[in-house]
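*Asks:* What follows is a structure written as structure tokens; I'll ask about it next.
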There are 2 protein chains.
Amino acid sequence: MNLKELATKLGLSPTTVSRALNGYPEVNETTRERVVAAAKRHNYHPNTRAIRLATGRAMAVGHVIPIATRHEIVNPVFADFIAGAGETYSRNDYDMVLSVVPDEDEEATYRGLKSKGNVDGVIVHAPRMNDPRIALLREIGLPFVVHGRATGTIDPYCWLDVNNRRAFQRATEFLLDLGHSRIGLVNGLEFMDFAIRRRTGYVDALTARSITPDPFLMSSDEMTEIAGFRAANLMLALPRPPTAFLASSMISGMGVRRAVESSGLVLGREVSVIIHDDDLSYMKNGEDVPIFTATRSSVREAGRLAAEMLLDVIAHPDAGPQQRLLEAELIIGQSTGPAPKG
Amino acid sequence: MNLKELATKLGLSPTTVSRALNGYPEVNETTRERVVAAAKRHNYHPNTRAIRLATGRAMAVGHVIPIATRHEIVNPVFADFIAGAGETYSRNDYDMVLSVVPDEDEEATYRGLKSKGNVDGVIVHAPRMNDPRIALLREIGLPFVVHGRATGTIDPYCWLDVNNRRAFQRATEFLLDLGHSRIGLVNGLEFMDFAIRRRTGYVDALTARSITPDPFLMSSDEMTEIAGFRAANLMLALPRPPTAFLASSMISGMGVRRAVESSGLVLGREVSVIIHDDDLSYMKNGEDVPIFTATRSSVREAGRLAAEMLLDVIAHPDAGPQQRLLEAELIIGQSTGPAPKG
DNA sequence: GAATCGTTTCAAACCGCTTTGGATGCGCAA
DNA sequence: TTGCGCATCCAAAGCGGTTTGAAACGATTC
């Protein structure tokens, strides 16, 4: 059942039927009701491909997920971010198209998305320092929103980010207030922008209290359980081991916990741990009482908001770039306590 | 730059240019080379929307991700499955469109996908017992491949699954061989098909050795760290606690480990644990030596294969339904050992 | 030299919708 | 009566490709 057939069946022109269904004013109310009823009765749904060609809009948003050929990690945060963004798209009748490409094809993918007209805009994931994608997207004129920011980029662009610096600064201050002075940082890979900012927050808090950051207490690696375990193990083996840790994710935090416990230490008493909690649905940080003290910010909510921002940018391309900084909560769980006397 | 412009520039008709670029035989080789060169020079990319309308194919595959309104869990396995499937799609110039919808809208979503012509086929995720989606998709004539199977469905359909029953049967036998007789099952939600099959494998292995399954040693819940922790804790508090556990995922396995260790027991000596390892890229089970003994099957590889199967089904709609059963490996790690004398 | 054939090219229809630029008919003011 | 404005509807021209059916032309066959 297509528009023409429906029109013939109604004794109307395709024009009128189209207008009736799309809510244009120049059609008689009685006619509109007839049309709507007939459309429902014959189970008519306009062909998306035709709409897209006729309107010139793709009614779709792209998410490009580069698969690093080196370290083949699929960011576990994607699932929840995508779920959040997807909810927004569904509500607005947009499609979400995911492109999984080897990272060396990423530029070609963006260019293709634009020139072939598959999408009306894209979300940029996991920005790095001086991320080249921002200039690229501006150059080819594809609307975009960055999830995160890219240190080093001067011209303004659209982004939505968590205040990672402030979050880690507060977490560090919290540990300092508890009397900890040797605090291990188990950070993500520090070419990622969020990891840079987190380290800055950590370093700032320390230096504000006249503590010189100890390079041996700062690690940077994938945010996996194993990596967290190894980093914490190394630090615990130091002559003057840390009494507290700051871990960049729930998962690496679990590795830190394993290292702590397998050293025979008790979490929350002998060693304190604060993690960053993305509030992943499959990785809840406890129920009533959080297991880990954490800086928390829902990545799913970030997905929803970033998607809304992008749709807004697509609808109003000439309104200046939007920017939004979300604050993380600092929630107190069972993994922190006063520094042991020593 | 569109086809007509390119044609004029070349002094050819759009017909010939289109044919030249699409490799049709009825065009002179010299002409073809001229056309291809010009297309590259002018950076011509055919408009996807136009191709889709003209050919009647969407060149896209759908993944519908229902968001349960009750338990809002985004399956952590999605990310890797999607990554695997996405690689296949990229290689074949297909788009992957994700629909995130409240689960009560799922049927309407599938019908819409079909009648609006957004996709050429879909992958069905997380099948349950007697899953209604299979009959629905057959009814509306949308090609599909199920990732998993649906116990109770009689008519043949396309699926790709891991042999969950056999995997858990082997794992149970392995524990029995080590002398364990009280083995706790920390299963996923048992309306999910894979969870049913895993329990069957576990029960079969026990009964084959004349051990009556103890209902207190069988739990079923979300596959989260917390749920694994709680289930294991309950079992460890029994008058006759288990000496071994079978956990349905790496994540719930980490909860089990925490319960074991917080009971002051040593993993791999006093209590053995086997998990199912989906080989998630952000959740590696150790490096050289696996942390957990595990039944392992890469969900990312499953994604690749399922996508290939779907593209094949789309290309050859009349070839009978394909089915493929993957076997999980049983890999030995540090979390299992002989049952303690007692 | 005419008929036939294969190669190469093109004009035009088509995919299913939106949208522009009229038409039509009616009521009402001039 | 004429003219104008308004409400309602329609024919036709896009959107940018693919594909059908036919034309043009040189080569081959009789």
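Identifiers in this document derive from the order of the structure tokens: chains are assigned A, B, ..., residues are numbered from 1 separately in each chain, and ligands are numbered from 1 in order of occurrence.
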Using 8 Å as the limit and counting only C-alpha atoms (C1' of nucleotides), can you tabulate each residue of chain A that touches chain D, with its shortest atom-to-atom distance in Å and the two atoms involved, as JSON lines?

*Replies:*
```
{"residue": "A:Ser13", "atom": "CA", "partner": "D:DC10", "partner_atom": "C1'", "distance": 6.3}
{"residue": "A:Thr15", "atom": "CA", "partner": "D:DC10", "partner_atom": "C1'", "distance": 7.2}
{"residue": "A:Thr16", "atom": "CA", "partner": "D:DC9", "partner_atom": "C1'", "distance": 6.8}
{"residue": "A:Glu26", "atom": "CA", "partner": "D:DT8", "partner_atom": "C1'", "distance": 6.6}
{"residue": "A:Val27", "atom": "CA", "partner": "D:DT8", "partner_atom": "C1'", "distance": 6.1}
{"residue": "A:Asn28", "atom": "CA", "partner": "D:DT8", "partner_atom": "C1'", "distance": 6.6}
{"residue": "A:Leu53", "atom": "CA", "partner": "D:DC15", "partner_atom": "C1'", "distance": 5.3}
{"residue": "A:Ala54", "atom": "CA", "partner": "D:DC15", "partner_atom": "C1'", "distance": 4.7}
{"residue": "A:Thr55", "atom": "CA", "partner": "D:DC15", "partner_atom": "C1'", "distance": 7.3}
{"residue": "A:Gly56", "atom": "CA", "partner": "D:DC15", "partner_atom": "C1'", "distance": 7.1}
```

*Asks:* Output C-alpha atoms of each residue in that selection to a file, as an mmCIF file, in the first residue's frame.

*Replies:*
```
data_model
loop_
_atom_site.group_PDB
_atom_site.id
_atom_site.type_symbol
_atom_site.label_atom_id
_atom_site.label_comp_id
_atom_site.auth_asym_id
_atom_site.auth_seq_id
_atom_site.Cartn_x
_atom_site.Cartn_y
_atom_site.Cartn_z
ATOM 1 C CA SER A 13 -4.856 13.293 -5.265
ATOM 2 C CA THR A 15 -0.931 15.747 -2.800
ATOM 3 C CA THR A 16 -3.976 16.061 -0.628
ATOM 4 C CA GLU A 26 -4.729 23.646 3.514
ATOM 5 C CA VAL A 27 -6.923 20.593 3.796
ATOM 6 C CA ASN A 28 -10.497 20.346 4.946
ATOM 7 C CA LEU A 53 14.888 11.224 -0.987
ATOM 8 C CA ALA A 54 12.102 13.740 -1.350
ATOM 9 C CA THR A 55 12.951 15.773 1.716
ATOM 10 C CA GLY A 56 16.702 15.521 1.402
#
```

*Asks:* May I have the residues of chain C within 6 Å of chain A, counting only C-alpha atoms (C1' of nucleotides), written as number ranges by chain?

*Replies:* C: 16-18

*Asks:* Any chance you could tabulate, as a tab-separated table, the residues of chain B at most 7 Å from chain A with each one's nearest atom pair and distance in Å to one decimal, using only C-alpha atoms, in chain and rising number order?

*Replies:*
```
residue	atom	partner	partner_atom	distance
B:His45	CA	A:Lys116	CA	5.8
B:Pro46	CA	A:Lys116	CA	6.0
B:Asn47	CA	A:Lys116	CA	4.6
B:Thr48	CA	A:Lys116	CA	5.3
B:Arg49	CA	A:Leu53	CA	5.4
B:Ala50	CA	A:Leu53	CA	5.9
B:Arg52	CA	A:Arg49	CA	6.3
B:Leu53	CA	A:Arg49	CA	5.4
B:Glu72	CA	A:Ser281	CA	6.8
B:Ile73	CA	A:Ser281	CA	5.1
B:Val74	CA	A:Ser281	CA	6.0
B:Asn75	CA	A:Tyr282	CA	6.9
B:Pro76	CA	A:Tyr282	CA	6.4
B:Phe78	CA	A:Ala79	CA	6.7
B:Ala79	CA	A:Ala79	CA	5.4
B:Asp80	CA	A:Val74	CA	6.5
B:Ala83	CA	A:Val100	CA	6.2
B:Gly86	CA	A:Val100	CA	5.0
B:Glu87	CA	A:Val100	CA	5.6
B:Ser90	CA	A:Val100	CA	6.6
B:Asp95	CA	A:Val97	CA	6.5
B:Met96	CA	A:Val97	CA	5.4
B:Val97	CA	A:Val97	CA	4.3
B:Leu98	CA	A:Met96	CA	5.5
B:Ser99	CA	A:Gly86	CA	6.5
B:Val100	CA	A:Gly86	CA	5.0
B:Val101	CA	A:Glu87	CA	6.5
B:Ser115	CA	A:His45	CA	6.2
B:Lys116	CA	A:Asn47	CA	4.6
B:Gly117	CA	A:Asn47	CA	6.0
B:Asn118	CA	A:Thr48	CA	6.3
B:Thr224	CA	A:Tyr282	CA	5.6
B:Glu225	CA	A:Met283	CA	6.6
B:Ile226	CA	A:Gly286	CA	6.4
B:Ser281	CA	A:Ile73	CA	5.1
B:Tyr282	CA	A:Thr224	CA	5.6
B:Met283	CA	A:Thr224	CA	6.2
B:Gly286	CA	A:Ile226	CA	6.5
```

*Asks:* Between CA of Val186 (chain B) and CA of His63 (chain B), what is the spacing in Å?

*Replies:*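 These atoms are spaced 28.6 Å apart.
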
*Asks:* Please run DSSP on the backbone and report, as an MDAnalysis selection string, all residues within region 104-309 of chain B that come out as alpha helix (DSSP H).

*Replies:* chainID B and resid 106:115 132:140 164:177 193:208 225:236 250:262 299:309

*Asks:* Can I get the selection written as a short mmCIF file (atom, residue, chain, number, x, y, z; two decimals), in the first residue's frame, with C-alpha atoms?

*Replies:*
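Everything below was put into selection_8.cif:
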```cif
data_model
loop_
_atom_site.label_atom_id
_atom_site.label_comp_id
_atom_site.auth_asym_id
_atom_site.auth_seq_id
_atom_site.Cartn_x
_atom_site.Cartn_y
_atom_site.Cartn_z
CA GLU B 106 8.85 -4.01 20.32
CA GLU B 107 6.22 -5.57 18.07
CA ALA B 108 5.22 -2.21 16.65
CA THR B 109 8.88 -1.48 15.99
CA TYR B 110 9.36 -4.64 13.95
CA ARG B 111 6.21 -3.98 11.96
CA GLY B 112 7.29 -0.41 11.32
CA LEU B 113 10.76 -1.46 10.25
CA LYS B 114 9.18 -3.73 7.68
CA SER B 115 6.37 -1.57 6.36
CA PRO B 132 6.86 -14.47 20.13
CA ARG B 133 9.18 -12.46 17.92
CA ILE B 134 9.98 -15.43 15.73
CA ALA B 135 6.39 -16.01 14.66
CA LEU B 136 5.91 -12.27 14.27
CA LEU B 137 8.87 -11.84 11.95
CA ARG B 138 7.87 -14.80 9.89
CA GLU B 139 4.35 -13.41 9.61
CA ILE B 140 5.44 -10.00 8.41
CA ASN B 164 25.26 -23.65 26.35
CA ARG B 165 24.00 -26.97 27.59
CA ARG B 166 27.13 -28.82 26.60
CA ALA B 167 29.37 -26.07 27.98
CA PHE B 168 27.80 -26.17 31.42
CA GLN B 169 27.63 -29.93 31.37
CA ARG B 170 31.35 -30.14 30.72
CA ALA B 171 32.11 -27.52 33.35
CA THR B 172 30.05 -29.43 35.91
CA GLU B 173 31.74 -32.71 35.00
CA PHE B 174 35.11 -31.05 35.36
CA LEU B 175 34.21 -29.97 38.91
CA LEU B 176 32.83 -33.40 39.73
CA ASP B 177 36.07 -34.95 38.50
CA ASP B 193 16.77 -19.36 26.69
CA PHE B 194 20.53 -19.60 27.26
CA ALA B 195 20.01 -19.76 31.01
CA ILE B 196 17.55 -22.61 30.68
CA ARG B 197 20.02 -24.58 28.60
CA ARG B 198 22.84 -23.93 31.01
CA ARG B 199 20.83 -25.22 33.90
CA THR B 200 19.91 -28.28 31.89
CA GLY B 201 23.58 -29.00 31.26
CA TYR B 202 24.34 -28.58 34.95
CA VAL B 203 21.47 -30.79 36.08
CA ASP B 204 22.24 -33.45 33.48
CA ALA B 205 25.86 -33.69 34.58
CA LEU B 206 24.83 -34.06 38.21
CA THR B 207 22.15 -36.67 37.62
CA ALA B 208 24.47 -38.65 35.37
CA GLU B 225 28.25 -8.31 40.26
CA ILE B 226 25.85 -7.64 43.09
CA ALA B 227 23.52 -10.46 42.19
CA GLY B 228 26.44 -12.88 41.95
CA PHE B 229 27.70 -11.70 45.32
CA ARG B 230 24.36 -12.14 47.01
CA ALA B 231 23.62 -15.54 45.53
CA ALA B 232 27.02 -16.90 46.49
CA ASN B 233 26.76 -15.40 49.97
CA LEU B 234 23.44 -17.11 50.58
CA MET B 235 24.82 -20.45 49.47
CA LEU B 236 27.99 -20.09 51.53
CA MET B 250 32.47 -12.95 34.15
CA ILE B 251 30.69 -10.16 35.96
CA SER B 252 28.58 -12.32 38.23
CA GLY B 253 31.70 -14.45 38.70
CA MET B 254 33.44 -11.43 40.15
CA GLY B 255 30.59 -11.11 42.61
CA VAL B 256 31.00 -14.76 43.52
CA ARG B 257 34.70 -14.23 44.03
CA ARG B 258 34.03 -11.32 46.34
CA ALA B 259 31.62 -13.42 48.39
CA VAL B 260 34.14 -16.24 48.61
CA GLU B 261 36.97 -13.99 49.64
CA SER B 262 34.94 -11.97 52.10
CA VAL B 299 30.44 -13.07 21.54
CA ARG B 300 32.16 -10.71 19.18
CA GLU B 301 32.89 -13.57 16.82
CA ALA B 302 29.27 -14.62 17.21
CA GLY B 303 28.28 -11.13 16.11
CA ARG B 304 30.43 -11.39 13.00
CA LEU B 305 29.02 -14.77 12.09
CA ALA B 306 25.41 -13.90 12.81
CA ALA B 307 25.71 -10.82 10.62
CA GLU B 308 27.21 -12.87 7.81
CA MET B 309 24.40 -15.33 8.11
#
```

*Asks:* As a PyMOL selection string, please: all residues of region 113-223 of chain B that backbone DSSP puts in strand (DSSP E or B).

*Replies:* chain B and resi 121-124+128+144-147+159-162+183-187+192+218-220

*Asks:* Using only C-alpha atoms (C1' of nucleotides), which residues sit within 9 Å of Ile314 (chain A) once same-chain residues fewer than 3 positions away are excluded, as a list in words?

*Replies:* Asp120, Gly121, Pro143, Phe144, Met309, Leu310, Leu311 and Pro317 of chain A

*Asks:* Store the residues picked out above, limited to C-alpha atoms, as a short mmCIF file (atom, residue, chain, number, x, y, z; two decimals), in the first residue's frame.

*Replies:*
```cif
data_model
loop_
_atom_site.label_atom_id
_atom_site.label_comp_id
_atom_site.auth_asym_id
_atom_site.auth_seq_id
_atom_site.Cartn_x
_atom_site.Cartn_y
_atom_site.Cartn_z
CA ASP A 120 22.08 14.29 9.24
CA GLY A 121 24.66 14.46 11.99
CA PRO A 143 26.64 18.63 12.24
CA PHE A 144 28.09 16.97 15.32
CA MET A 309 21.56 18.40 21.68
CA LEU A 310 22.43 16.92 18.32
CA LEU A 311 18.83 16.88 17.12
CA PRO A 317 22.17 24.70 12.20
#
```

*Asks:* For a quick check of understanding, using only C-alpha atoms, which of B:Gly320, B:Gly184, B:Pro25, B:Pro340 has the smallest distance to Val273 (chain B)?

*Replies:*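 Closest to Val273 (chain B) of all the choices is B:Gly184.
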